[in-house]
Each structure stands twice: as C-alpha cells, then as structure tokens.
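To keep things clear, I will list the structure first and then write my remarks on it.
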Amino acid sequence: MTSIVATQTKSSSLASVRDALLPALLFFSILGIWEFLTWYTDYPKSILPRPSAIALAIINNWSLLTSNILPTASVALGGFVIASIVGLGLSLLMTYSKWTKEALYPNIVGFQIVPKIAWAPLFVLWLGIEFQSRLGFAVFISIFPIIISMTAGLKNTDPTLIRLCDSLTASKLQTLFLVRFPFALPYLISAMKMSITLAMIGVIVGEFITSQQGLGFLILVAFGKLETDLMLASVLFLCFVGLFFYSLIAYASYRLEVWFGNK
Amino acid sequence: MTDQEILRADAHVLADKVQKIFNPGKKQTIALESIDCRVREGEFVSLLGPSGCGKSTLLMMIAGLETPTAGGVFVGGKPMTKPREDIGLMFQDPTLLPWKSSLDNVLFPIRILKRDCDKYQKAAIDLLTRVGLEQFLDKKPAQLSGGMRQRVAICRALVYDPEVLLMDEPFSALDAITRDEMNQVLMDLWQDFKKTGLFVTHSIREAVFLSDRVLVMSARPGRIIEDLKVPFERPRDFSIVDSAEFNEICGYLRSKIDSQH
Amino acid sequence: MLEAILDKIRARGITSAREVLLPISFFVFVIIMWQYAVDQKYVPTVILPPPGDVVAVLQANRDFMAGHAMSTLYECFIAFICACTLGLSISCVITLSYFARRAIYPNLVIFQLIPAIALAPLFILWFGIGTEARVAYGICLAIFPIVVSSSTGLLNTGSNYLRLCQSLTAGRWQTFLRVRLPFALPLIFTGLRIGLTLTIIGVVVGEFVTAQQGIGYLISFAASGLETAIALAAIVFLLFVGLILFAALVCVEFFAFKIFSGVSAE
C-alpha cells in the first residue's frame, strides 16, 4: 500500500534507474554466487559447471553451436507458419459456416484435453526420423491456440460495427477484410506468441526423440558425454532463438498498437 | 392512384401498421403493436419514449436491418426488404474503426460502396471542417474526445449523401455539455443538407429542440400515443430552449410520457 | 476447457439437438473413415491400426496400462501441488514486498522465455532417472506461468479499490486477503490451468527421456517397436489422467470462488 504511494510521489529518474538496477543486480549476484560456490567447493563440472565454463564452452564450440541453429530454427519457424496459415483458414471456415463450426469446434476443444506432447513418438513413427516428423509435430502442437483464439477474435467484432456494414450494403467479404479481420488481429498476435513457443517445444521434443542435428540433438549428445557445459551452452542458444522469434512477434504487436492509435 | 399510393407518395419514410414480435410462440414478446408513422421529405422527426419501448427496433426495421412481423416499411415509395444506399445510420456509439484516421473513417462508406475515394476526399474534408475537426483529419479515434468521435460519425453518415438519416440515440452516451454542443452541430448541418431525418432519443429537450415533429411512444408494447408539431421557425437558435413556450411543450410531453405509468 | 463446456450447459441448457448431434456424428464419421481406410488398405496397420485393435489392446492390457497411468497421475499430482505451493508463495512475497517485486519480477519474465523443455537431460543428471527427476522437471516447467500470472493478478488490483482500502486504514494483510486475492482469483486460476498443462508435459517428456515407467515411457516404447495400437491405447489412458487432474482443478476453482464470494458477503 505505502509502496504504491511511494512510487507515485517519487516517480523521478532515480526510481527508474533503481527499477532497472535491482533486477540486474539480483541476476548478476546469482551468477556471482554460482561461480564462487562452484569454484570454492570444487563442485563436479559434469553436474553443475560454472558460468565461466559455459562461456568458455560457447567460445570453443562456436561453429558446432551455430551450425545447429538453422535445423532447429527453420523447422520451428516452418511449423509455426504452416500452423498459422492453416489455423487461420480453419477459423475463417468456422466463422462463416455454422455447420462446420458446430461439427468441428466441440471436437477441437475436446481434443485439447489430450496432452498433445504424448503424440510425439507417433509422429516419428508416421513421418520418419527426418525433419518431416518434427515439422508435422510442431504444426500439430502449435495450431490449437491459433484456431481457438482466432475463432474467438473473429466472433468478437463489435456487433454495432457489423450492423453499420450491413446498413451500408457491404458484402460478407468486405466486412471480413475491412472490419472483422483487423479487429481479430490482436487475438492472432497473442495466439502467435503462444504458438511459436509451442512450435519450439515441439521441435525440441522431436529432436530429443530422434534426430541427427539441431540444438536439441546437441543437448542429448552433450548429455551422453557428460559435457554439461556444452549442454547448457546449447540451452542458451535455444533461448536466443526463442527470444528472436518472440521479439519479432512482440514487434508486430507493437506496430499493431501503433496502427490502432493506442500508442 | 389508390389511397395507398397517395399515402406512400406523400411520405418519404412510411411505417404502415408495423408489428414486431420477438420469439413468436409461447415465450413471445410483442415489441411493437401496429405502428403508423410518416415522415415527409426534408422533415426531421423525433421518436421519444422510455427505454425498451421498441423505438430502436422500429428504426432498425426502417433501415432494413430487421423485418417486421406484420405490416410494411417503405422508403421513397419502395418497400424496405434489405439495407439500401440511400439511408444513413448513426448509433449510440460512434463505432469508428480504431486503426483509421478521422478522414479515413469518414471515407469508410465510400470504400464499402466502391465509389471513387479521390472524388469524395474534398467533400469529406469539408464536412470535417464544418464540424470543427480540420485540425484532426489524421488523428485516430483513440486520440479524440467522445464528442469529437461522434462528430466524425455524423460526417461518416453524411458523406455518401443518403436521402434519409436514421439516428439511434446518437448523443446519449455524451455528457450534458457536449450533448448540447452536438445538438447545435447537428442543427447547423441540418439547415444546410435538408435530409429527411428520424431521430430516436429519450431526452425531451433534445427532441423538441431538433425536430419539426415529435412522436411519443408508449412503453412495451410500443404504440404511438402523441404526434406533436413543434412550432419554432427554422433556422433555430439555441436560445429558444430558455423560452416559456419551449418549456411548456417539454412539460406537456413529459406529462404524456408519465401518464403511461 | 471443461468449465467452458459446463458454462455453456448451465447458461442456456443445450438449445438444439443439432448442437449435440453434429459434433458427435462428425466424431463417429472420423472413426468410420479411419476403419474404412484401414480395411481398404489405404494405410498400413503399422501406421494406423483399426479402431477395433486399439479397443482390443485396451481390454487386454488394462491392468498393465493402468499401473503406468497411476504412476503418471501420481507424479503429475505431486509436481503440480509443489509447483502451486512454491509458485503462489513466491507471488505473495512479490506482492507484499516492494523490493522483492522490483528485483524478482523482471527476472521471472525473462526466465519464462527460456525453453525449459530443453533442460530435461539436466534433471536426469541432477536427480537420476527416477520419480524425483520427473517431478522436479514438472515443477520447473509449471512454476513460471503460475508465478507470472498470479502476481500479475495480485498486483493489478484497480487503484480505486486500493485507495478505498487506504482510506479505511486497512493493513497490508487485510488489503491482501480482502481485496487483492479475491480480485486476482481468475488470473491465478488461469495460471494454474497453464501450470497443470505444463506439469503434464513435463512429466510425460520426463518419461520419454528417462524411459523408466509411466504413460510417456509406454508410448515411446510402443512407437519405437511399431506397436501403434498400444501407443494409441496409452494416449487414451493419458486422456483420463488429464481429465482427472483438470476436473480436480475445476472443483478447487469452484470452491475457491464460492468461499470468497461468501467472505465478501459478510
């Protein structure tokens, strides 16, 4: 309670500097303690390597790490794009055909209850151990948020605005492109944030199960050789890939806010 | 000509024994019971009534967005079966597209009607200037005040030059001061454009100030219980609202509405 | 999901028979097409065994599969309870302490972006291939959404409500219990639902990787042995595990809302 008043009265630059410093301080002190304790107790490197050892592993294995980015990133992105397009198509179909919606939607929602991750081995069985199985699984796992959010988004357009379009003798297609779709865009963007994360999960799990390349594969190889520093370095690289995709979508969401005149 | 045809020719907007029943069957609600209502060309008529009396439903039927259960609606002598280009509509909410500038919002009907946007650009700018928004042509709705948004909505309803303008409580979401302001803006525009207007409201003063005629509707099921001609000459000035005659009319209409309870 | 369906039924009853029959007939249609495709040998049985085979497997190996399902259910349950307790305590600390909030919250948001799924082998390294590894991994996946969602809910109480509390000279704890918590309930439960999904993902992936026991192990083992019918039957069991867990969560949610509406009515 008092803290809220404090931030309101002291909304000076001092406070904002502190807001940035505090989390950074916590972050680096955790790294420091980690480094110190593992050095001081001589903790086994294979169980918890020091942060500096991870940094060293990145430098030593630079080309190995970078060459494994593309197989993972391209399959995740491909799966995400396919899921977005197909999901969008399906939700449009369900918006404009009542019968399709009534037949499909409850089944889709019901299917959501099955933990989808469990299907991963079956995709390997169906589509082989090449990239197709991982792509298929990434599409499968990331398509649901798109379908469900977009169907909700297309349905939630301001009904008065639809009336306005009707009164102007607008065709269904005009209403869709000029009004419904732009209004559903925020839903699409927030679904995409979820969807790209899921596509990454799909590809990584796929690579765990069967793969000869990619960062997930590298993690397993490093694990097999007990090179935990290389393993964590690969995880870090996966973070960068995820962060890159995520920031792309965050940027799109920012542009959207500008377009809507909210910023 | 038959009587019917004479009747139609005289009225620009005609509701002929219109009845509207929702959910016909056991749980039916009679929203409107045999409404007769005529608006001559260039006339401004207000529909006044308590909320839920079906006045908006009547307006939507005239706009061709709802179909009457019985009776007929005619605009310009032709029956309304579906929405038409010669009718403009305004709602309680401005219903602007948030991602479009004021100017683009005004030009929205032109795009829908697939007319040439460049040709209407000047008309749109003129209209926006007329309502005092020349500084805000490229601003988005989020950057405008409530009154400004409703001004944009008026311009949007007028830009494609419909013959009839239907307004569904367009100012009821605004604060009292802005509302008076908007009444004057609308009055100003009216004197120039001379459209046929039908205005739904539950504000007595607003109805009397704006209209040539005020129709009072009863609570559900809606019927017209009073048809009053407003005697003030046009062009009107806002000062008339302080006159004794104005207040007397308002008092009379108030008693008519109250007699329903 | 489940409560969406329940809401629908509660809100307006099931209005038309079509709304029920259409999805069911679509489902039946898919099953028939599946059977037909296998009968006509469009797809080999290895890829897609006929529905009858799956049912037969389900009947024949019921006890054996139920044992694995119980293991998965148990591990999910333990992991989720731990993740809830830990996650909600952290968000309470974040809400009540200004410094904790400033220091921890931004880090949490960044940590959430780490693909925690990739850490699976690390947990084997730390906890071995037993239950501990899978439970810890499930906790690790579930805890971030729980903390982020519930602290967002607890922090974003309407400022006018907080001013009201201030004007009534309510203490920090009073404000927390009477205003912040009830207002945050919907977001807290959103976080818990995401957390539960991730717990299940964590345990199942853990079972893939540790290959010791559980439905996940069964699925990956069956798939690698081209026993597709067993894999599909195992997925059916996993569906029940998910249903039981979600139903339990929905019950808790129902009672939580009931309790808090009672408090505010006092």
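Following the order of the structure tokens, chains are lettered A, B, ..., residues in each are numbered from 1, and ligands are numbered from 1.
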
Inset, instruction - Name all residues at most 8 Å from Ile114 (chain C) (count only C-alpha atoms; drop same-chain ones fewer than 2 positions away) and give them as a PyMOL selection string. - result: (chain A and resi 235-236+238-239+242) or (chain C and resi 110-112+116)

Output as CSV one row per residue of region 137-212 of chain B within 10 Å of region 80-96 of chain B: the closest atom pair and its distance in Å to one decimal place, counting only C-alpha atoms, sorted by chain and residue number ascending.
residue,atom,partner,partner_atom,distance
B:Lys140,CA,B:Leu96,CA,9.2
B:Pro141,CA,B:Leu96,CA,6.9
B:Ala142,CA,B:Leu96,CA,9.8
B:Gly146,CA,B:Pro94,CA,8.3
B:Gly147,CA,B:Pro94,CA,9.2
B:Met148,CA,B:Pro94,CA,9.4
B:Arg149,CA,B:Pro94,CA,6.0
B:Gln150,CA,B:Pro94,CA,5.1
B:Arg151,CA,B:Pro94,CA,8.4
B:Val152,CA,B:Pro94,CA,7.8
B:Ala153,CA,B:Pro94,CA,5.5
B:Ile154,CA,B:Met90,CA,7.1
B:Arg156,CA,B:Gly88,CA,8.8
B:Ala157,CA,B:Gly88,CA,5.2
B:Leu158,CA,B:Gly88,CA,7.0
B:Val159,CA,B:Gly88,CA,9.3
B:Tyr160,CA,B:Gly88,CA,8.4
B:Asp161,CA,B:Asp86,CA,7.5
B:Pro162,CA,B:Asp86,CA,4.3
B:Glu163,CA,B:Asp86,CA,5.3
B:Val164,CA,B:Ile87,CA,4.9
B:Leu165,CA,B:Gly88,CA,4.6
B:Leu166,CA,B:Leu89,CA,4.9
B:Met167,CA,B:Met90,CA,4.7
B:Asp168,CA,B:Phe91,CA,4.9
B:Glu169,CA,B:Gln92,CA,5.1
B:Pro170,CA,B:Gln92,CA,4.2
B:Phe171,CA,B:Gln92,CA,6.3
B:Ser172,CA,B:Gln92,CA,6.5
B:Ala173,CA,B:Gln92,CA,6.6
B:Leu174,CA,B:Gln92,CA,9.2
B:Thr196,CA,B:Ile87,CA,9.6
B:Gly197,CA,B:Gly88,CA,9.5
B:Leu198,CA,B:Leu89,CA,9.8
B:Phe199,CA,B:Met90,CA,9.4
B:Val200,CA,B:Phe91,CA,9.8
B:Thr201,CA,B:Gln92,CA,9.9

May I have the residues from that selection written out with N, CA and C atoms, as an mmCIF file, in the first residue's frame?
data_model
loop_
_atom_site.group_PDB
_atom_site.id
_atom_site.type_symbol
_atom_site.label_atom_id
_atom_site.label_comp_id
_atom_site.auth_asym_id
_atom_site.auth_seq_id
_atom_site.Cartn_x
_atom_site.Cartn_y
_atom_site.Cartn_z
ATOM 1 N N LYS B 140 -6.310 9.440 -34.887
ATOM 2 C CA LYS B 140 -7.092 8.205 -34.769
ATOM 3 C C LYS B 140 -8.102 8.340 -33.622
ATOM 4 N N PRO B 141 -9.173 7.566 -33.661
ATOM 5 C CA PRO B 141 -10.236 7.715 -32.653
ATOM 6 C C PRO B 141 -9.730 7.747 -31.214
ATOM 7 N N ALA B 142 -8.689 6.940 -30.911
ATOM 8 C CA ALA B 142 -8.190 6.901 -29.536
ATOM 9 C C ALA B 142 -7.682 8.269 -29.099
ATOM 10 N N GLY B 146 -14.852 12.047 -26.778
ATOM 11 C CA GLY B 146 -16.110 11.407 -27.135
ATOM 12 C C GLY B 146 -16.938 12.233 -28.108
ATOM 13 N N GLY B 147 -17.032 13.539 -27.852
ATOM 14 C CA GLY B 147 -17.791 14.422 -28.731
ATOM 15 C C GLY B 147 -17.206 14.467 -30.126
ATOM 16 N N MET B 148 -15.873 14.527 -30.192
ATOM 17 C CA MET B 148 -15.209 14.567 -31.499
ATOM 18 C C MET B 148 -15.488 13.296 -32.285
ATOM 19 N N ARG B 149 -15.464 12.163 -31.589
ATOM 20 C CA ARG B 149 -15.723 10.889 -32.272
ATOM 21 C C ARG B 149 -17.128 10.882 -32.865
ATOM 22 N N GLN B 150 -18.087 11.404 -32.093
ATOM 23 C CA GLN B 150 -19.457 11.392 -32.596
ATOM 24 C C GLN B 150 -19.586 12.365 -33.777
ATOM 25 N N ARG B 151 -18.798 13.463 -33.774
ATOM 26 C CA ARG B 151 -18.791 14.357 -34.938
ATOM 27 C C ARG B 151 -18.302 13.635 -36.176
ATOM 28 N N VAL B 152 -17.215 12.833 -35.998
ATOM 29 C CA VAL B 152 -16.713 12.054 -37.132
ATOM 30 C C VAL B 152 -17.815 11.123 -37.629
ATOM 31 N N ALA B 153 -18.556 10.533 -36.679
ATOM 32 C CA ALA B 153 -19.621 9.601 -37.071
ATOM 33 C C ALA B 153 -20.724 10.317 -37.862
ATOM 34 N N ILE B 154 -21.036 11.577 -37.480
ATOM 35 C CA ILE B 154 -22.031 12.337 -38.260
ATOM 36 C C ILE B 154 -21.529 12.537 -39.680
ATOM 37 N N ARG B 156 -19.441 10.763 -41.281
ATOM 38 C CA ARG B 156 -19.445 9.485 -41.991
ATOM 39 C C ARG B 156 -20.846 9.164 -42.506
ATOM 40 N N ALA B 157 -21.872 9.517 -41.709
ATOM 41 C CA ALA B 157 -23.241 9.212 -42.136
ATOM 42 C C ALA B 157 -23.680 10.120 -43.281
ATOM 43 N N LEU B 158 -23.048 11.302 -43.395
ATOM 44 C CA LEU B 158 -23.498 12.249 -44.422
ATOM 45 C C LEU B 158 -22.700 12.172 -45.715
ATOM 46 N N VAL B 159 -21.474 11.623 -45.644
ATOM 47 C CA VAL B 159 -20.548 11.806 -46.756
ATOM 48 C C VAL B 159 -21.038 11.200 -48.066
ATOM 49 N N TYR B 160 -21.740 10.098 -48.012
ATOM 50 C CA TYR B 160 -22.158 9.456 -49.270
ATOM 51 C C TYR B 160 -23.529 9.934 -49.702
ATOM 52 N N ASP B 161 -23.991 11.000 -49.045
ATOM 53 C CA ASP B 161 -25.193 11.707 -49.466
ATOM 54 C C ASP B 161 -26.446 10.837 -49.484
ATOM 55 N N PRO B 162 -26.770 10.177 -48.374
ATOM 56 C CA PRO B 162 -28.015 9.427 -48.324
ATOM 57 C C PRO B 162 -29.198 10.399 -48.230
ATOM 58 N N GLU B 163 -30.358 9.963 -48.645
ATOM 59 C CA GLU B 163 -31.514 10.866 -48.593
ATOM 60 C C GLU B 163 -32.160 10.879 -47.220
ATOM 61 N N VAL B 164 -32.047 9.744 -46.527
ATOM 62 C CA VAL B 164 -32.658 9.634 -45.210
ATOM 63 C C VAL B 164 -31.556 9.365 -44.187
ATOM 64 N N LEU B 165 -31.643 10.060 -43.043
ATOM 65 C CA LEU B 165 -30.667 9.816 -41.996
ATOM 66 C C LEU B 165 -31.394 9.284 -40.767
ATOM 67 N N LEU B 166 -31.020 8.096 -40.332
ATOM 68 C CA LEU B 166 -31.637 7.487 -39.155
ATOM 69 C C LEU B 166 -30.640 7.534 -38.004
ATOM 70 N N MET B 167 -31.085 8.098 -36.868
ATOM 71 C CA MET B 167 -30.158 8.267 -35.747
ATOM 72 C C MET B 167 -30.717 7.589 -34.508
ATOM 73 N N ASP B 168 -29.919 6.647 -33.955
ATOM 74 C CA ASP B 168 -30.376 5.856 -32.814
ATOM 75 C C ASP B 168 -29.707 6.341 -31.535
ATOM 76 N N GLU B 169 -30.333 7.259 -30.838
ATOM 77 C CA GLU B 169 -29.782 7.861 -29.617
ATOM 78 C C GLU B 169 -28.312 8.249 -29.771
ATOM 79 N N PRO B 170 -27.978 9.031 -30.796
ATOM 80 C CA PRO B 170 -26.559 9.219 -31.096
ATOM 81 C C PRO B 170 -25.792 9.964 -30.014
ATOM 82 N N PHE B 171 -26.469 10.760 -29.191
ATOM 83 C CA PHE B 171 -25.722 11.581 -28.236
ATOM 84 C C PHE B 171 -25.927 11.142 -26.791
ATOM 85 N N SER B 172 -26.611 9.998 -26.586
ATOM 86 C CA SER B 172 -26.995 9.676 -25.214
ATOM 87 C C SER B 172 -25.811 9.217 -24.362
ATOM 88 N N ALA B 173 -24.670 8.860 -25.025
ATOM 89 C CA ALA B 173 -23.522 8.444 -24.222
ATOM 90 C C ALA B 173 -22.633 9.628 -23.853
ATOM 91 N N LEU B 174 -23.005 10.835 -24.305
ATOM 92 C CA LEU B 174 -22.143 12.002 -24.069
ATOM 93 C C LEU B 174 -22.579 12.749 -22.804
ATOM 94 N N THR B 196 -34.076 13.987 -44.944
ATOM 95 C CA THR B 196 -35.191 13.501 -44.144
ATOM 96 C C THR B 196 -34.579 12.810 -42.928
ATOM 97 N N GLY B 197 -35.066 13.173 -41.750
ATOM 98 C CA GLY B 197 -34.393 12.619 -40.569
ATOM 99 C C GLY B 197 -35.333 11.965 -39.589
ATOM 100 N N LEU B 198 -34.882 10.856 -39.020
ATOM 101 C CA LEU B 198 -35.633 10.208 -37.957
ATOM 102 C C LEU B 198 -34.664 9.986 -36.804
ATOM 103 N N PHE B 199 -35.044 10.532 -35.636
ATOM 104 C CA PHE B 199 -34.109 10.647 -34.535
ATOM 105 C C PHE B 199 -34.708 9.981 -33.300
ATOM 106 N N VAL B 200 -34.046 8.947 -32.815
ATOM 107 C CA VAL B 200 -34.541 8.256 -31.630
ATOM 108 C C VAL B 200 -33.834 8.806 -30.401
ATOM 109 N N THR B 201 -34.609 9.164 -29.375
ATOM 110 C CA THR B 201 -33.980 9.711 -28.183
ATOM 111 C C THR B 201 -34.875 9.479 -26.978
#

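The environment of region 22-30 of chain B within 10 Å, counting only C-alpha atoms and disregarding residues fewer than 3 places along the same chain, consists of B:Gln19, B:Glu33, B:Gly54, B:Pro68, B:Thr69, B:Arg220, B:Pro221, B:Gly222.
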
For Asp166 (chain A): contacts at 10 Å, only C-alpha atoms, fewer than 5 positions along chain excluded, given as a CSV table (one decimal) with C-alpha atoms, in the first residue's frame:
chain,number,residue,atom,x,y,z
A,160,THR,CA,-22.8,-2.4,-34.0
A,161,LEU,CA,-20.0,-2.1,-36.5
A,171,SER,CA,-20.7,-7.8,-48.9
A,172,LYS,CA,-19.5,-10.5,-46.5
A,175,THR,CA,-16.9,-6.9,-43.8
B,63,ALA,CA,-33.0,0.8,-42.0
B,64,GLY,CA,-33.8,-2.7,-43.4
B,65,LEU,CA,-31.8,-4.5,-40.8
B,82,LYS,CA,-32.8,-5.2,-47.1
B,83,PRO,CA,-30.4,-2.3,-46.4
B,84,ARG,CA,-30.1,0.4,-49.1

Inset, instruction - Compile the contact shell of Ile47 (chain A) as a PyMOL selection string: residues with an atom at most 9 Å away, counting only C-alpha atoms, same-chain residues fewer than 4 positions apart removed. - result: (chain A and resi 43+226+228) or (chain C and resi 122+125-126)

Convert the current residue selection to file output with C-alpha atoms, as an mmCIF file, in the first residue's frame.
data_model
loop_
_atom_site.group_PDB
_atom_site.id
_atom_site.type_symbol
_atom_site.label_atom_id
_atom_site.label_comp_id
_atom_site.auth_asym_id
_atom_site.auth_seq_id
_atom_site.Cartn_x
_atom_site.Cartn_y
_atom_site.Cartn_z
ATOM 1 C CA TYR A 43 31.765 -28.868 -7.419
ATOM 2 C CA LEU A 226 28.540 -35.639 -19.651
ATOM 3 C CA THR A 228 27.224 -30.342 -19.122
ATOM 4 C CA LEU C 122 19.892 -31.769 -16.844
ATOM 5 C CA LEU C 125 21.865 -35.544 -14.308
ATOM 6 C CA TRP C 126 20.772 -33.997 -11.054
#

Inset, instruction - Extract, using only C-alpha atoms, all DNA, RNA and protein residues at most 12 Å from Leu196 (chain C), discarding same-chain residues fewer than 2 positions from it, and format them as a PyMOL selection string. - result: (chain A and resi 113+115) or (chain C and resi 73+75-84+138-146+189-194+198-203+241-250)
